[in-house]
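What follows is a short report on a single structure.
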Amino acid sequence: MSCHYFEAFYKNAKRKIDVVMRLVELYWPYLFLKTIFDDKNTDKLRAATINITDSADVFHFQFDPKSIDWEDFMMNVHFPGAVKHLFK
């Protein structure tokens, strides 16, 4: 009688575990990467564009990676977007 009692729970749990395992496979190379990234070239580009008077160009070059809340970006933008586009 109870052979199929847990079937829906099992399918839901297996789907969630499969999503997590796919994310682990996807991000594995980056989790243990011993690399340091810098933004020196971005700073040079921004410094070179200080004298631009075209407001559209000035808008596009106002990028400061130090002003980004990376934890918030990863948790609320990157991971949900990756899950949405990779698993649906």
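How things are named: the first chain in the structure tokens is A, the next is B, and so on; residues count from 1 in each chain; ligands count from 1 in the order shown.
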Query raised in the report: Among chain A, which residues carry a DSSP assignment of alpha helix (DSSP H), reported as a ChimeraX atom specification?
Result: /A:7-31,40-48,55-60,70-73,79-86
Requested in this report: Between CA of Lys44 in chain A and CA of Asp64 in chain A, measure the distance and give it in Å to one decimal.
Outcome: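 CA of Lys44 in chain A sits 11.6 Å away from CA of Asp64 in chain A.
In this structure, CA of Thr42 in chain A sits 8.7 Å away from CA of Pro65 in chain A.
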Query raised in the report: With only C-alpha atoms as the basis for distance, which of A:Leu23, A:Lys11, A:Lys66, A:Ala48 is at the shortest distance from Lys84 in chain A?
Result: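 Of A:Leu23, A:Lys11, A:Lys66, A:Ala48, the one nearest Lys84 in chain A is A:Leu23, counting only C-alpha atoms.
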Report task. Considering only C-alpha atoms, state which residue in the set A:Val19, A:Asp39, A:Ala13, A:His4 is at the smallest distance from Pro80 in chain A. Result ->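 The shortest atom-to-atom distance to Pro80 in chain A comes from A:Val19.
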Query - Computed interatomic separation between CA of Lys14 in chain A and CA of Asn76 in chain A (Å) - result: 24.0 Å
